[in-house]
Every structure is written in structure tokens, then in C-alpha cells.
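A quick write-up on the structure given underneath.
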Amino acid sequence: MAFLRRFPLLAYLLVLLSLIGFAYACENFTLLGVAVLLTGLSWFFIENGNGPPVPRWVINSAVLFVSLILFWELVIQRQSNLILALGHFITGLILCKLFETKSNRDWGQLLVLSLLLILSSAILTTSAVFAMILVAYLALGLYLSLVFHLRVETQRAMVQRAAADRGMLMASNDLVIGASIRRIFWGSAVVLFVFAALVFVLFPRGGVPGMLANWRLHGNGSQTGFSNRVALGQMGELHQSNAVVAEITLLTNGKNIGNEGYQPYFAGSTLDVYSRRSHEWMRSSGGVPSPKTLLLDAGNNHTAILYHLTAAQRKAGEIEQIVHLNRLGSDNNLFAMPPAIKIESSSTTSVMRLPDGSIISGASRSGEIDYKVWSSPALAPSLLGPKHPSLFPSFSMYQPFSPSGLIEVASAPIPKAVAAMAVRVGGPLFSRLAKHPDSTAAAKLLCQRFETYLQSHYNYSFTMTPVDPNIDPTEDFLLHKQKIGGYCEYFASAMVMFCRAAGIPARMVVGYHGGDFNSVGGYYVVRQKFAHAWVQAYIPHVGWTRFDPSPAAALTTVETPRTWYSKMTDFFQWVRLQWLQNIVAFNAAMRKSIIHASVLAVKHGFEATVIWLRAIVSAVRHWMMNPKSGHYRLFIAGMVLFLAAGMTFWLVRTWHWRRTSVVAKMVRGLDAKLQRKLSRELAFFDRLVRLLAKRGVNRDPAHTPLEFVTQISHLPQTVRNEARTLVTYFYDIRYGNQVVTPELSNRIQASMKIIEKEIPNLRL
């Protein structure tokens, strides 16, 4: 049979899908290439007979070698990921079994091994691409399991019967069995899908890691693009990473405001203390959780208010940011456009607002998190700083400002060469600010002077080999690397030192600047290479104001260039985001939302149906009672009733025919098109059965048509002969592939007329 002969090809495709899924899950594309190559060689040489079968001792030796590799990986190499090691072992077993001559038992073992491999892959990854591979595997696996069962039973039946009887599987039955398998496959697929959907909705993912959580393959476990500690002079070269950190959608009043030309700043942490010994920028005590830190429990509604706005501030509108953070860092930083005024998350029940304005999650574990955060343009650039900050008592002490009060934190003194350069760059503005420390205009102009100077006099570069390692890295950058350049942390560090040398409170802010805008989903794809550092300087009577001293070219060089396939890439990124947000992160809150929406949809649908029915009844009543309608209303109403009665009669008659028709029962299970064809061509047999039933000859459902006509020996010889002739036509059409020509149709009608004539008063 044709579809049974296709079983080896389908089995190879299923095994290949499991190998591809595992290689993608563990991101081992070398393994993928080797697996595809060996699978192709096995199909070409073993299944197609283009080469001799591999001896059994070679296969057994290969299996022993695979077992030794498993021992080496677990015991010698101490692989901590048990699922990954077992996946490697199963892959080796599958590749070994592909090269042996396969019986039904071997095929069954291959299918079971492929199932174990795809389950291992499902534990290792939550990728949307793997989800597509898994769906394809499950669909093909369900169909293949039915074909494999039929293959085994067919071979068993053929072995038990004589060779002459092997022709019992006629060509016409191929369609019958194929249609049955397809019907069972689609029925099972629908039932399993509905069952899986119900289980998915009713039993969402919990917040507690399962027993296999530690076996997940995390890959690179740290976000190299963002850090709460910026160490200068320790990285000779900075490599860009395309790893996705977050997907962020920007909305204002429900309208998407994101576009390729708008690249916002997403702040993650504020660094205000500099260590001269380690050359690091880090958080002060004003940026570390303390008993005075504002702890906001989201409660049942999972919403935390960070700041209360006045009515005037609310009129300015809010920017809503819908964030899917792919990896919550070790410091649990949440990224948002400053200043954040409200946050909402179903992934965590608490957030903390630090005194410096940073937001961190109360979650205790790293992982993915979804949240919404609102920022207010009305509060920018006044980033919630103190109204009247005190100036520095000396350049060796930096005083970070926080709502909890003034906290002195030891910070390294500004190098003398850097302070002298600040005086030289500032010029008259430096002296003007010294005379009028509360001057808003002087402070702002001086900060802009520092920003412009760094942007225009220094190059941006990812290579930072120290020229003079004996001096401070920022001093080395300013004095010796005007042409060599540096990356954003050096520009931000230099401007902070310039501002502090002028007596302006300043601090470094680290986070992300913009991202690749996905035009399909309308959101930003923020990658590690978009990590950025900029400056917040405190302008008197204004507040903390953002300045970015990095050259403008630095903010565009990392953007991914748009190509002809960018739309396709955006689409797959959008699918991945939907998978992570709606499937992987599905929880009890989302379940309640789905159930609530379903109940509302049913309620609204019922109400809309009632309204429509009432409207129709009212319109008909008004039309019937309107005198202007005249006699036409009675005619039209009668036609409608007549058509409704005719349609009802036709439906009842069709239903009755399907219940009582002998032919309908005999052709049931065939292809739908073939059923309709045979039902028309074999309708004469139904007519014959009804005629004989009125004569007292009832057909037993277990009798064949030939057995049925043998019961009419008491009828005239002419009736018996014509009945046998009609049964012969029945067998020729049903099982002999006889084409019903006009001549054959005339002979059938002639036989029916003879029977009706010989049985008087029984005409239908």
C-alpha cells in the first residue's frame, strides 16, 4: 500500500526533526551538521540499498563508545546539566541505530528515542522557534504512530495468510484505509489540542521552580552590556553583543509612539561614587536598599505607585512602557525612562524604589520578567532631586542627594589634571558659576559646554589600550586619547569629573539607549550592544538633568542596518515575544483574565443575539401591521413559510435517508467525494431493498447483498433473476471499479421496471 511504503521516509523525517530540535535547544550547530550528514548517509546507503549493511559488531562498538562518552561527560568533565548529557547520549544511540538493518522493533525503538530527545530539548529551551519544531514533531509523530500500528498489523496478517490471499488488500481499499487514518489523525489532534488548551488555562505555570529548573541550559549567564559597577582601564577591547535584553513598547494614551527615529533612554542604575584604587564607578549608600528605602508591595493588583502626580502634571500625559525583560540581572534592576511614577507587574509582587530613583525587583531569582512602567514628561528634566542642594565641602567628598536626607560618601578626589582641564574648558563660565553658585543659567551653560567639548574633541572607540597605566584611566583618556578615543563610560566619567570640579553635583547613569525598532510588533528590541552610560547633573532650581557627552556617531553605529529581509526578521522576533509573554510566562493572573474575557464575550454575545432577535421580530410585526404593505405582505409571508417548510422537509428526509439507507452504511468510511458518487450510482439497491421489504423480505444487517437475494425463492423466477442481476451490478460498481455508463444505467432501470411489474401494487 502506498502510504505504508512511505513509512521509512516519514520516520526519518521525524527523527531528523528531533535531532534539529535538540541541536537548536543546546545551541550546538556543529552537532546539527553532523546529525544531518549522518542521517542523509544512512538514508542513501541503508534504506535505498546503495551500500552494504553495517555489521552488527560495528553498531555495538559504536553504542559502547557513546556510553563511554556519557561516562566521560558526567564523571570526568562533571557536566552539571544532566538533561544535556542524556540528550547527547540519546543522539548517539539514534545515529547508531540509523545504520543498522531495521525491523519493526528497531523502528519502534527509534521512535521512542526521538520522543525522549525532543522532551529533553523542551526542558532545555523556551524558544519560540523550538516551539514550532515541537508542534511539527507532535503532528508528524501522531500520524506516524497510526501508520506504524497499521504497518505492523498488516504485516502480521500477511504472514498468517497464504501467499495467494495477499491480494486481499485491493487498490480501492487504499483510499478507504487512508481516509480512516486521516480521520482518526485529525480527530485525535483536535481532541488533544482542546485538552492541552484546557490544561494550559486551568493549570498555569507557578512561580516556584520545578525539580528540573536547575537542569535548564542558561548559556551565557550574565548580561555583559549592563553592570552596576563600571570599571575603567580593565577592558582593553569592548566587543558588541547582539543578545536580546528586553523588548519594550512605548504608548501614550493608548497610541504607539515608537519609531526608528526615536531612540529613548532606559535608565537602570545611578553610579555616584568613584574608587581611586579600583577605578570603579559604583552606587553610594543612597543607591543601596536600606531600612529607609521605600518598599512598595504590589498586593493583589500588582501595581505600585512610585510618585504621586498633581493634576497639572497628569495633563502632560504619561509614557507607558510595556517591558519583557529576558534576563533579570544579579542586582534585579528594572529599566525605565526616568522618572518612573508607577509600575505594574504580574511576575513579581514587590518592587523597591531606591533613594537615587532606580527601581529594583523584589524577586529573589534571576529570570524573565514582564512589567509595565509609566513615566511622566512633566517631571523631566527635574528628576526629583532636592530643591536646594548643598555644595561640596571639598572635591574629595561627593554628597549624593536622596529623599531620606544628605549622606556623605567617600569618593576619590578629582585628578588635578582633570580639574585644570575643566577650568580651561569652562573658561569664563567657570568663574561665573563660582561667583553665583545658585545660577540656573550658568550651571546649565557650563554643563552644555562640557558636553559639547567632549563630543567634538574626542573619538568614539571600542579599543581602550592604556597609554599611561600609571595615571587615572579618565585622566589618561582626556590627556592621551584624543585621537584614539574611548567608549561611553569614559565620556560619562570625564563629564562627571568636569561638573564636580565646577561644583555641580553630577552622577553617571547606566542603562540602554534605544534599540532596533520592530516595525511588525511596534516595539524596541533592546540588545546588549545598546548598553550606554550618560550623565545627570543637578541644575539649581531645575533638578537632575540629562546630558550625553558621547559623540552622536556613537549612538548610531550600533544600530542594526535595515536590509531586504528586515521585515521577516521583525516578524519572527514578534512571534518570539508573543511566545515568551503569552505562553512561557503564563500565570494565574493571565488565566483569570482569559476566563473573565470569555465570560464577558459569551454574555455580550447572548445579549447581542437577543437584541437582534427582538429587532427582527419588531420589524416583521411593524411590516405586517402596516396598511401600506397591502396584500403583498401576505404573499411574501406565505412564500417564506413555504420555503421554510420545504427546507425542513428536505433536511428531515436527508436525515432519515442517512439513517435507513443501506448504501449509505456500506460506503461509510470512504472518501467523502467517493461516498457521494457511489451513493448516487448504487441508489437502485436501496430501491430494491424497500420493494422486497414490502413483500415481507427484510434484509438482515449482517447479510451481504448476495445472501440477501437468496431469501426470495418464494418470489417469481423473473424477480429472482433480475434481483441477482442487480446485485451483480452492485458488486461490479462497488468493488470492481465498474464505470456507470448510460448503457449500464439503462440496463439497471430495465431490471427495476421488470421487478416492479412482477410485484403488483408495490410500486413506490
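Identifiers for the C-alpha cells are assigned positionally: chains receive A, B, ... in sequence, residues are indexed from 1 per chain, and ligands are indexed from 1 in the order shown.
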Write out as a short mmCIF file (atom, residue, chain, number, x, y, z; two decimals) with N, CA and C atoms, in the first residue's frame all residues of range 33-203 of chain A that DSSP puts in alpha helix (DSSP H) for this structure's backbone.
```
data_model
loop_
_atom_site.label_atom_id
_atom_site.label_comp_id
_atom_site.auth_asym_id
_atom_site.auth_seq_id
_atom_site.Cartn_x
_atom_site.Cartn_y
_atom_site.Cartn_z
N GLY A 33 25.02 19.86 12.18
CA GLY A 33 25.60 19.49 10.89
C GLY A 33 25.97 18.02 10.82
N VAL A 34 26.58 17.50 11.89
CA VAL A 34 26.97 16.08 11.92
C VAL A 34 25.73 15.19 11.86
N ALA A 35 24.68 15.54 12.62
CA ALA A 35 23.47 14.72 12.64
C ALA A 35 22.79 14.69 11.28
N VAL A 36 22.67 15.84 10.64
CA VAL A 36 22.04 15.89 9.32
C VAL A 36 22.85 15.09 8.30
N LEU A 37 24.17 15.21 8.36
CA LEU A 37 25.03 14.48 7.42
C LEU A 37 24.89 12.97 7.60
N LEU A 38 24.97 12.49 8.84
CA LEU A 38 24.88 11.05 9.09
C LEU A 38 23.49 10.52 8.77
N THR A 39 22.45 11.30 9.04
CA THR A 39 21.09 10.86 8.69
C THR A 39 20.94 10.73 7.18
N GLY A 40 21.48 11.69 6.44
CA GLY A 40 21.43 11.61 4.98
C GLY A 40 22.20 10.41 4.44
N LEU A 41 23.38 10.14 5.00
CA LEU A 41 24.16 8.97 4.57
C LEU A 41 23.42 7.68 4.87
N SER A 42 22.80 7.60 6.03
CA SER A 42 22.05 6.40 6.39
C SER A 42 20.89 6.17 5.41
N ARG A 56 26.72 -5.95 12.61
CA ARG A 56 26.19 -5.74 13.95
C ARG A 56 27.28 -5.40 14.96
N TRP A 57 28.47 -6.01 14.81
CA TRP A 57 29.53 -5.74 15.79
C TRP A 57 30.01 -4.29 15.71
N VAL A 58 29.93 -3.67 14.52
CA VAL A 58 30.31 -2.26 14.39
C VAL A 58 29.29 -1.37 15.11
N ILE A 59 28.01 -1.71 14.95
CA ILE A 59 26.97 -0.94 15.64
C ILE A 59 27.13 -1.05 17.15
N ASN A 60 27.37 -2.29 17.64
CA ASN A 60 27.54 -2.48 19.09
C ASN A 60 28.76 -1.73 19.62
N SER A 61 29.83 -1.70 18.84
CA SER A 61 31.03 -0.97 19.25
C SER A 61 30.75 0.53 19.32
N ALA A 62 29.97 1.04 18.36
CA ALA A 62 29.63 2.45 18.37
C ALA A 62 28.76 2.81 19.58
N VAL A 63 27.82 1.91 19.94
CA VAL A 63 26.99 2.15 21.13
C VAL A 63 27.85 2.17 22.39
N LEU A 64 28.82 1.25 22.47
CA LEU A 64 29.73 1.24 23.63
C LEU A 64 30.54 2.53 23.69
N PHE A 65 30.97 3.04 22.54
CA PHE A 65 31.73 4.29 22.50
C PHE A 65 30.86 5.46 22.98
N VAL A 66 29.59 5.48 22.57
CA VAL A 66 28.68 6.54 23.01
C VAL A 66 28.48 6.46 24.52
N SER A 67 28.41 5.25 25.07
CA SER A 67 28.27 5.10 26.53
C SER A 67 29.50 5.62 27.25
N LEU A 68 30.68 5.39 26.69
CA LEU A 68 31.91 5.91 27.30
C LEU A 68 31.94 7.44 27.27
N ILE A 69 31.41 8.02 26.19
CA ILE A 69 31.34 9.48 26.12
C ILE A 69 30.43 10.02 27.23
N LEU A 70 29.29 9.34 27.47
CA LEU A 70 28.40 9.76 28.56
C LEU A 70 29.12 9.68 29.91
N PHE A 71 29.88 8.60 30.14
CA PHE A 71 30.63 8.46 31.39
C PHE A 71 31.66 9.58 31.52
N LEU A 82 22.37 17.58 33.65
CA LEU A 82 22.12 16.16 33.40
C LEU A 82 21.32 15.95 32.12
N ILE A 83 20.32 16.80 31.88
CA ILE A 83 19.49 16.65 30.68
C ILE A 83 20.32 16.82 29.41
N LEU A 84 21.26 17.76 29.43
CA LEU A 84 22.12 17.97 28.27
C LEU A 84 22.98 16.74 27.99
N ALA A 85 23.55 16.14 29.04
CA ALA A 85 24.37 14.95 28.86
C ALA A 85 23.54 13.78 28.33
N LEU A 86 22.35 13.57 28.88
CA LEU A 86 21.48 12.50 28.40
C LEU A 86 21.04 12.75 26.96
N GLY A 87 20.83 14.01 26.60
CA GLY A 87 20.49 14.31 25.21
C GLY A 87 21.61 13.94 24.25
N HIS A 88 22.85 14.21 24.64
CA HIS A 88 23.99 13.79 23.81
C HIS A 88 24.02 12.27 23.66
N PHE A 89 23.73 11.56 24.76
CA PHE A 89 23.75 10.10 24.73
C PHE A 89 22.65 9.57 23.82
N ILE A 90 21.43 10.11 23.92
CA ILE A 90 20.32 9.66 23.08
C ILE A 90 20.61 9.96 21.61
N THR A 91 21.20 11.11 21.34
CA THR A 91 21.57 11.45 19.95
C THR A 91 22.53 10.41 19.38
N GLY A 92 23.52 10.01 20.17
CA GLY A 92 24.45 8.99 19.72
C GLY A 92 23.76 7.66 19.44
N LEU A 93 22.83 7.25 20.32
CA LEU A 93 22.11 5.99 20.10
C LEU A 93 21.28 6.05 18.82
N ILE A 94 20.62 7.18 18.57
CA ILE A 94 19.81 7.31 17.36
C ILE A 94 20.67 7.18 16.11
N LEU A 95 21.80 7.87 16.10
CA LEU A 95 22.68 7.81 14.92
C LEU A 95 23.23 6.42 14.71
N CYS A 96 23.48 5.68 15.79
CA CYS A 96 23.94 4.29 15.65
C CYS A 96 22.85 3.41 15.05
N LYS A 97 21.62 3.53 15.54
CA LYS A 97 20.54 2.67 15.08
C LYS A 97 20.13 2.97 13.65
N LEU A 98 20.40 4.18 13.16
CA LEU A 98 20.04 4.51 11.78
C LEU A 98 20.83 3.68 10.78
N ASN A 104 10.64 -4.05 12.64
CA ASN A 104 9.62 -3.21 13.28
C ASN A 104 10.02 -2.84 14.71
N ARG A 105 10.71 -3.73 15.41
CA ARG A 105 11.17 -3.43 16.77
C ARG A 105 12.18 -2.30 16.75
N ASP A 106 13.09 -2.32 15.75
CA ASP A 106 14.09 -1.24 15.64
C ASP A 106 13.42 0.10 15.31
N TRP A 107 12.41 0.06 14.42
CA TRP A 107 11.68 1.30 14.12
C TRP A 107 11.01 1.84 15.36
N GLY A 108 10.40 0.94 16.14
CA GLY A 108 9.77 1.38 17.38
C GLY A 108 10.75 2.00 18.36
N GLN A 109 11.95 1.40 18.47
CA GLN A 109 12.98 1.96 19.35
C GLN A 109 13.43 3.35 18.88
N LEU A 110 13.54 3.51 17.56
CA LEU A 110 13.93 4.82 17.02
C LEU A 110 12.88 5.89 17.36
N LEU A 111 11.60 5.53 17.22
CA LEU A 111 10.54 6.50 17.52
C LEU A 111 10.54 6.87 19.00
N VAL A 112 10.76 5.89 19.89
CA VAL A 112 10.79 6.18 21.32
C VAL A 112 12.00 7.06 21.66
N LEU A 113 13.16 6.76 21.08
CA LEU A 113 14.36 7.57 21.34
C LEU A 113 14.16 9.01 20.84
N SER A 114 13.53 9.16 19.69
CA SER A 114 13.30 10.52 19.18
C SER A 114 12.35 11.29 20.11
N LEU A 115 11.36 10.59 20.68
CA LEU A 115 10.44 11.24 21.62
C LEU A 115 11.18 11.68 22.87
N LEU A 116 12.06 10.82 23.42
CA LEU A 116 12.85 11.19 24.59
C LEU A 116 13.76 12.39 24.29
N LEU A 117 14.31 12.43 23.07
CA LEU A 117 15.21 13.52 22.70
C LEU A 117 14.46 14.85 22.60
N ILE A 118 13.26 14.83 22.02
CA ILE A 118 12.51 16.08 21.89
C ILE A 118 12.01 16.55 23.24
N LEU A 119 11.72 15.62 24.16
CA LEU A 119 11.33 16.02 25.52
C LEU A 119 12.52 16.65 26.26
N SER A 120 13.71 16.10 26.07
CA SER A 120 14.90 16.70 26.67
C SER A 120 15.12 18.11 26.14
N SER A 121 14.90 18.28 24.85
CA SER A 121 15.07 19.61 24.26
C SER A 121 14.07 20.60 24.83
N ALA A 122 12.84 20.15 25.09
CA ALA A 122 11.81 21.04 25.63
C ALA A 122 12.19 21.53 27.02
N ILE A 123 12.97 20.73 27.77
CA ILE A 123 13.41 21.16 29.10
C ILE A 123 14.53 22.19 28.99
N LEU A 124 15.31 22.11 27.91
CA LEU A 124 16.50 22.96 27.79
C LEU A 124 16.21 24.35 27.25
N ALA A 128 10.73 30.27 20.88
CA ALA A 128 9.55 30.17 20.02
C ALA A 128 9.86 29.34 18.77
N VAL A 129 11.10 29.40 18.27
CA VAL A 129 11.48 28.60 17.11
C VAL A 129 11.39 27.12 17.46
N PHE A 130 11.88 26.76 18.65
CA PHE A 130 11.77 25.36 19.06
C PHE A 130 10.31 24.95 19.23
N ALA A 131 9.47 25.88 19.67
CA ALA A 131 8.04 25.56 19.81
C ALA A 131 7.45 25.16 18.46
N MET A 132 7.85 25.84 17.39
CA MET A 132 7.37 25.47 16.05
C MET A 132 7.87 24.08 15.67
N ILE A 133 9.15 23.79 15.98
CA ILE A 133 9.69 22.46 15.69
C ILE A 133 8.92 21.40 16.48
N LEU A 134 8.60 21.71 17.74
CA LEU A 134 7.88 20.76 18.59
C LEU A 134 6.49 20.49 18.05
N VAL A 135 5.78 21.52 17.60
CA VAL A 135 4.44 21.33 17.05
C VAL A 135 4.50 20.45 15.80
N ALA A 136 5.48 20.71 14.92
CA ALA A 136 5.65 19.89 13.72
C ALA A 136 5.95 18.44 14.10
N TYR A 137 6.79 18.25 15.12
CA TYR A 137 7.15 16.90 15.55
C TYR A 137 5.92 16.17 16.09
N LEU A 138 5.13 16.83 16.92
CA LEU A 138 3.96 16.18 17.51
C LEU A 138 2.93 15.81 16.44
N ALA A 139 2.72 16.70 15.47
CA ALA A 139 1.76 16.40 14.40
C ALA A 139 2.22 15.21 13.57
N LEU A 140 3.48 15.24 13.14
CA LEU A 140 4.01 14.14 12.34
C LEU A 140 4.07 12.86 13.18
N GLY A 141 4.43 12.98 14.47
CA GLY A 141 4.52 11.80 15.32
C GLY A 141 3.18 11.13 15.52
N LEU A 142 2.10 11.91 15.68
CA LEU A 142 0.77 11.33 15.83
C LEU A 142 0.37 10.57 14.58
N TYR A 143 0.57 11.16 13.42
CA TYR A 143 0.23 10.48 12.17
C TYR A 143 1.09 9.23 11.98
N LEU A 144 2.38 9.35 12.28
CA LEU A 144 3.29 8.23 12.06
C LEU A 144 2.99 7.07 13.00
N SER A 145 2.54 7.35 14.22
CA SER A 145 2.21 6.27 15.15
C SER A 145 1.03 5.45 14.62
N LEU A 146 0.05 6.12 13.99
CA LEU A 146 -1.08 5.39 13.40
C LEU A 146 -0.62 4.54 12.21
N VAL A 147 0.22 5.11 11.36
CA VAL A 147 0.72 4.36 10.21
C VAL A 147 1.58 3.19 10.66
N PHE A 148 2.40 3.39 11.71
CA PHE A 148 3.26 2.32 12.21
C PHE A 148 2.41 1.17 12.76
N HIS A 149 1.35 1.50 13.49
CA HIS A 149 0.47 0.45 14.01
C HIS A 149 -0.18 -0.33 12.87
N LEU A 150 -0.66 0.38 11.84
CA LEU A 150 -1.27 -0.29 10.70
C LEU A 150 -0.23 -1.13 9.95
N ARG A 151 0.99 -0.65 9.86
CA ARG A 151 2.06 -1.39 9.19
C ARG A 151 2.32 -2.71 9.90
N VAL A 152 2.40 -2.67 11.22
CA VAL A 152 2.68 -3.89 11.99
C VAL A 152 1.53 -4.89 11.85
N GLU A 153 0.29 -4.41 11.98
CA GLU A 153 -0.86 -5.31 11.89
C GLU A 153 -1.01 -5.88 10.48
N THR A 154 -0.73 -5.09 9.47
CA THR A 154 -0.83 -5.57 8.08
C THR A 154 0.19 -6.66 7.82
N GLN A 155 1.44 -6.44 8.24
CA GLN A 155 2.47 -7.46 8.05
C GLN A 155 2.15 -8.74 8.81
N ARG A 156 1.57 -8.59 10.01
CA ARG A 156 1.20 -9.77 10.79
C ARG A 156 0.10 -10.56 10.08
N ALA A 157 -0.88 -9.84 9.51
CA ALA A 157 -1.96 -10.52 8.81
C ALA A 157 -1.46 -11.21 7.55
N MET A 158 -0.53 -10.59 6.85
CA MET A 158 0.00 -11.19 5.62
C MET A 158 0.80 -12.45 5.92
N VAL A 159 1.50 -12.44 7.04
CA VAL A 159 2.29 -13.62 7.40
C VAL A 159 1.37 -14.79 7.74
N GLN A 160 0.24 -14.52 8.38
CA GLN A 160 -0.66 -15.58 8.80
C GLN A 160 -1.48 -16.16 7.65
N ALA A 171 -6.80 -2.33 -4.50
CA ALA A 171 -6.39 -0.94 -4.71
C ALA A 171 -7.42 0.03 -4.17
N SER A 172 -8.72 -0.32 -4.29
CA SER A 172 -9.76 0.60 -3.83
C SER A 172 -9.74 0.76 -2.31
N ASN A 173 -9.24 -0.26 -1.60
CA ASN A 173 -9.19 -0.17 -0.14
C ASN A 173 -8.11 0.78 0.34
N ASP A 174 -7.14 1.08 -0.51
CA ASP A 174 -6.10 2.05 -0.14
C ASP A 174 -6.74 3.38 0.24
N LEU A 175 -7.74 3.80 -0.54
CA LEU A 175 -8.43 5.05 -0.23
C LEU A 175 -9.23 4.93 1.06
N VAL A 176 -9.82 3.74 1.29
CA VAL A 176 -10.62 3.55 2.49
C VAL A 176 -9.75 3.67 3.74
N ILE A 177 -8.63 2.94 3.75
CA ILE A 177 -7.75 2.94 4.93
C ILE A 177 -7.10 4.31 5.09
N GLY A 178 -6.68 4.93 3.98
CA GLY A 178 -6.07 6.25 4.07
C GLY A 178 -7.03 7.28 4.64
N ALA A 179 -8.29 7.23 4.20
CA ALA A 179 -9.28 8.17 4.72
C ALA A 179 -9.53 7.92 6.20
N SER A 180 -9.55 6.65 6.61
CA SER A 180 -9.77 6.34 8.03
C SER A 180 -8.63 6.87 8.89
N ILE A 181 -7.39 6.69 8.41
CA ILE A 181 -6.25 7.18 9.18
C ILE A 181 -6.27 8.69 9.29
N ARG A 182 -6.60 9.37 8.19
CA ARG A 182 -6.66 10.83 8.24
C ARG A 182 -7.76 11.30 9.19
N ARG A 183 -8.90 10.60 9.17
CA ARG A 183 -9.99 10.99 10.04
C ARG A 183 -9.60 10.79 11.52
N ILE A 184 -8.97 9.66 11.81
CA ILE A 184 -8.53 9.41 13.19
C ILE A 184 -7.47 10.42 13.60
N PHE A 185 -6.56 10.74 12.67
CA PHE A 185 -5.49 11.69 12.99
C PHE A 185 -6.05 13.06 13.33
N TRP A 186 -6.93 13.58 12.47
CA TRP A 186 -7.47 14.92 12.72
C TRP A 186 -8.38 14.93 13.95
N GLY A 187 -9.16 13.87 14.14
CA GLY A 187 -9.98 13.81 15.34
C GLY A 187 -9.15 13.79 16.61
N SER A 188 -8.09 12.96 16.61
CA SER A 188 -7.21 12.90 17.79
C SER A 188 -6.49 14.23 18.00
N ALA A 189 -6.06 14.85 16.90
CA ALA A 189 -5.34 16.12 17.03
C ALA A 189 -6.24 17.20 17.64
N VAL A 190 -7.50 17.26 17.20
CA VAL A 190 -8.41 18.27 17.74
C VAL A 190 -8.68 18.01 19.22
N VAL A 191 -8.95 16.74 19.57
CA VAL A 191 -9.23 16.41 20.97
C VAL A 191 -8.03 16.72 21.85
N LEU A 192 -6.83 16.33 21.42
CA LEU A 192 -5.63 16.59 22.21
C LEU A 192 -5.36 18.08 22.34
N PHE A 193 -5.60 18.83 21.25
CA PHE A 193 -5.38 20.27 21.31
C PHE A 193 -6.32 20.93 22.31
N VAL A 194 -7.61 20.55 22.27
CA VAL A 194 -8.58 21.12 23.21
C VAL A 194 -8.21 20.74 24.64
N PHE A 195 -7.82 19.48 24.84
CA PHE A 195 -7.43 19.04 26.19
C PHE A 195 -6.21 19.80 26.68
N ALA A 196 -5.19 19.96 25.79
CA ALA A 196 -3.98 20.70 26.18
C ALA A 196 -4.30 22.16 26.48
N ALA A 197 -5.19 22.76 25.70
CA ALA A 197 -5.55 24.16 25.94
C ALA A 197 -6.25 24.32 27.29
N LEU A 198 -7.15 23.37 27.62
CA LEU A 198 -7.83 23.45 28.91
C LEU A 198 -6.85 23.29 30.07
N VAL A 199 -5.94 22.33 29.94
CA VAL A 199 -4.94 22.14 30.99
C VAL A 199 -4.05 23.37 31.12
N PHE A 200 -3.70 23.96 29.97
CA PHE A 200 -2.84 25.14 29.98
C PHE A 200 -3.52 26.31 30.69
N VAL A 201 -4.81 26.50 30.42
CA VAL A 201 -5.53 27.63 31.01
C VAL A 201 -5.84 27.38 32.48
N LEU A 202 -6.25 26.17 32.81
CA LEU A 202 -6.69 25.89 34.18
C LEU A 202 -5.53 25.66 35.14
#
```
| Distance of CA of Glu722 in chain A from CA of Ser751 in chain A, expressed in Å to one decimal place |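 Computing the Euclidean distance for CA of Ser751 in chain A and CA of Glu722 in chain A yields 5.6 Å.
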| said: I want to know what sits within 7 Å of range 723-733 of chain A, based on only C-alpha atoms, with residues of the same chain fewer than 4 positions away left out; could you give that as a VMD selection string? | reply: chain A and resid 682 705 to 706 709 719 737 to 739 748
How would the residues just picked look written out with C-alpha atoms as an mmCIF file, in the first residue's frame?
```cif
data_model
loop_
_atom_site.group_PDB
_atom_site.id
_atom_site.type_symbol
_atom_site.label_atom_id
_atom_site.label_comp_id
_atom_site.auth_asym_id
_atom_site.auth_seq_id
_atom_site.Cartn_x
_atom_site.Cartn_y
_atom_site.Cartn_z
ATOM 1 C CA LEU A 682 -25.962 2.499 -6.079
ATOM 2 C CA PRO A 705 -26.276 -8.339 -0.887
ATOM 3 C CA LEU A 706 -25.852 -11.817 -2.415
ATOM 4 C CA VAL A 709 -31.330 -12.093 -2.601
ATOM 5 C CA VAL A 719 -37.918 -11.369 -9.948
ATOM 6 C CA ASN A 737 -14.367 -0.165 -10.276
ATOM 7 C CA GLN A 738 -17.088 -0.501 -12.920
ATOM 8 C CA VAL A 739 -17.864 2.814 -14.637
ATOM 9 C CA ILE A 748 -30.363 -1.221 -14.336
#
```
| task | Name the residues in contact with Met497 in chain A at a cut-off of 10 Å, using only C-alpha atoms, excluding same-chain residues fewer than 6 positions from it; report them as a ChimeraX atom specification. | result | /A:274,395,413-415,418-419,422,474-475,503-507
Counting only C-alpha atoms, what are the residues of range 430-467 of chain A within 8 Å of range 529-553 of chain A, and for each of them which pair of atoms is the nearest and at what distance in Å, to one decimal? Sort the table by chain and rising number, as JSON lines.
```
{"residue": "A:Asp438", "atom": "CA", "partner": "A:Pro540", "partner_atom": "CA", "distance": 5.6}
{"residue": "A:Ser439", "atom": "CA", "partner": "A:Pro540", "partner_atom": "CA", "distance": 6.6}
{"residue": "A:Thr440", "atom": "CA", "partner": "A:Pro540", "partner_atom": "CA", "distance": 5.2}
{"residue": "A:Ala443", "atom": "CA", "partner": "A:Ile539", "partner_atom": "CA", "distance": 6.0}
{"residue": "A:Lys444", "atom": "CA", "partner": "A:Ile539", "partner_atom": "CA", "distance": 6.3}
{"residue": "A:Cys447", "atom": "CA", "partner": "A:Ala537", "partner_atom": "CA", "distance": 7.6}
{"residue": "A:Gln448", "atom": "CA", "partner": "A:Phe547", "partner_atom": "CA", "distance": 7.7}
{"residue": "A:Phe450", "atom": "CA", "partner": "A:Pro549", "partner_atom": "CA", "distance": 7.6}
{"residue": "A:Glu451", "atom": "CA", "partner": "A:Pro549", "partner_atom": "CA", "distance": 4.5}
{"residue": "A:Thr452", "atom": "CA", "partner": "A:Pro549", "partner_atom": "CA", "distance": 6.8}
{"residue": "A:Leu454", "atom": "CA", "partner": "A:Pro549", "partner_atom": "CA", "distance": 5.8}
{"residue": "A:Gln455", "atom": "CA", "partner": "A:Pro551", "partner_atom": "CA", "distance": 4.4}
{"residue": "A:Ser456", "atom": "CA", "partner": "A:Pro551", "partner_atom": "CA", "distance": 7.0}
{"residue": "A:Tyr458", "atom": "CA", "partner": "A:Pro551", "partner_atom": "CA", "distance": 7.8}
{"residue": "A:Asn459", "atom": "CA", "partner": "A:Pro551", "partner_atom": "CA", "distance": 7.2}
{"residue": "A:Tyr460", "atom": "CA", "partner": "A:Pro551", "partner_atom": "CA", "distance": 6.6}
```
| task | Counting only C-alpha atoms, figure out which residue out of A:Leu334, A:Ile636, A:Ile359, A:Ile319 gets nearest to Leu306 in chain A. | result |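 For Leu306 in chain A, the nearest of the candidates is A:Ile359.
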| query | Between CA of Ser278 in chain A and CA of Val510 in chain A, what is the spacing in Å? | reply |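 So the two atoms, CA of Val510 in chain A and CA of Ser278 in chain A, lie 18.4 Å apart.
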| query | With only C-alpha atoms as the basis for distance, which of A:Phe430, A:Phe491, A:Tyr735, A:Trp612 is at the shortest distance from His457 in chain A? | reply |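 Closest residue, counting only C-alpha atoms: A:Phe491.
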| note | From the list A:Ile611, A:Ala311, A:Leu446, A:Val525, the nearest residue to Val323 in chain A using only C-alpha atoms is A:Val525
